[in-house]
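Input: a single structure, listed below in structure tokens.
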Amino acid sequence: MLAWKFFDPVVFPSLRERKVALTLLCVATLLLGLFAMGIPAWPCPFFHALGIPCPGCGLTRATFLLLHGNVRASLTYHAFAPVFLLGFSLIGAAGLLPEKSRLSFIEKLVVFERRTGIVFILLAGLILYWLARLLFLNSSFVQLIRG
């Protein structure tokens, strides 16, 4: 059987270290919290350097809207908000579960990542989504991100 290197687990194995999972969870929570308070947390360096939105531009706002039940507006800002929210829910569980359950949960995620190549597929999808927004909706995309 030919194994693709793309499908080697890269994300979920790193969660074996509880500190990694909790750090990622804290950073995401901090960004969403700052956004909720109207405090600009992290201006996009990609957008400021090149003048075009990055693949993740609008993701914080979209996730915030999704958490508040505004699905349509959320998907307008970024279609990957549900994926992002699911991913950070999994990371949160990997950081907060009791040790025995946590390790079993992470191993199931590693097997899933290895069998499906989900990280590669989602990253490729994110890049294609970004390119489509840039090529076909450029002015509205930039306007949306600028607010």
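Convention: chains lettered A, B, ... in structure tokens order; per-chain residue numbering from 1; ligands numbered from 1 as shown.
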Using only C-alpha atoms, find each residue of range 59-89 of chain A with at least one atom at most 9 Å away from an atom of range 110-133 of chain A; report its shortest atom-to-atom pair and that distance in Å (one decimal), sort the rows by chain and rising residue number, and return the result as a Markdown table.
```
| residue | atom | partner | partner_atom | distance |
| --- | --- | --- | --- | --- |
| A:Ala79 | CA | A:Tyr129 | CA | 8.4 |
| A:Phe80 | CA | A:Leu126 | CA | 7.5 |
| A:Val83 | CA | A:Leu122 | CA | 8.6 |
```
Output file for the residues above (N, CA and C atoms, as a short mmCIF file (atom, residue, chain, number, x, y, z; two decimals), in the first residue's frame):
```cif
data_model
loop_
_atom_site.label_atom_id
_atom_site.label_comp_id
_atom_site.auth_asym_id
_atom_site.auth_seq_id
_atom_site.Cartn_x
_atom_site.Cartn_y
_atom_site.Cartn_z
N ALA A 79 -16.20 30.86 5.45
CA ALA A 79 -16.91 29.58 5.40
C ALA A 79 -16.27 28.52 6.29
N PHE A 80 -15.03 28.74 6.72
CA PHE A 80 -14.35 27.75 7.53
C PHE A 80 -14.56 27.96 9.03
N VAL A 83 -15.57 24.79 10.88
CA VAL A 83 -14.43 23.87 10.96
C VAL A 83 -13.47 24.34 12.05
#
```
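Omitting range 39-55 of chain A and its sequence neighbours fewer than 3 positions away, and counting only C-alpha atoms, the residues within 9 Å are Leu30, Leu31, Leu32, Gly33, Leu34, Phe35, Ala36, Gly58, Leu59, Leu126, Ile127, Tyr129, Trp130, Leu131, Leu134, Asn138, Phe141, Val142 and Ile145 of chain A.
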- Message: as JSON, numbers by chain, please: every residue in range 2-110 of chain A that a backbone DSSP assignment puts in helix (DSSP H, G or I).
- Response: {"A": [5, 6, 7, 12, 13, 14, 15, 16, 18, 19, 20, 21, 22, 23, 24, 25, 26, 27, 28, 29, 30, 31, 32, 33, 34, 35, 36, 45, 46, 47, 48, 49, 50, 59, 60, 61, 62, 63, 64, 65, 66, 67, 71, 72, 73, 74, 75, 76, 77, 81, 82, 83, 84, 85, 86, 87, 88, 89, 90, 91, 92, 93, 94, 95, 96, 99, 100, 101, 102, 103, 104, 105, 106, 107, 108, 109, 110]}
- Figure out the distance between CA of Glu99 in chain A and CA of Pro13 in chain A, please, to one decimal in Å.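 Computed distance, CA of Pro13 in chain A to CA of Glu99 in chain A, equals 14.9 Å.
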Near range 23-28 of chain A, 12 Å: range 55-130 of chain A residue rows, closest pairs, only C-alpha atoms, as a tab-separated table:
```
residue	atom	partner	partner_atom	distance
A:Leu59	CA	A:Ala28	CA	11.0
A:Thr60	CA	A:Ala28	CA	8.7
A:Thr63	CA	A:Ala28	CA	10.2
A:Phe64	CA	A:Ala28	CA	10.9
A:Phe84	CA	A:Ala28	CA	10.0
A:Leu85	CA	A:Ala28	CA	9.7
A:Leu86	CA	A:Leu25	CA	12.0
A:Gly87	CA	A:Leu25	CA	10.0
A:Phe88	CA	A:Leu25	CA	6.6
A:Ser89	CA	A:Leu25	CA	8.4
A:Leu90	CA	A:Leu25	CA	9.6
A:Ile91	CA	A:Leu25	CA	6.6
A:Gly92	CA	A:Leu25	CA	5.7
A:Ala93	CA	A:Leu25	CA	9.4
A:Ala94	CA	A:Leu25	CA	9.7
A:Gly95	CA	A:Leu25	CA	7.9
A:Leu96	CA	A:Leu25	CA	9.8
```
- Item | Coordinates-based distance that separates CA of Tyr77 in chain A from CA of Gly56 in chain A (Å, one decimal) |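 Computing the Euclidean distance for CA of Gly56 in chain A and CA of Tyr77 in chain A yields 10.0 Å.
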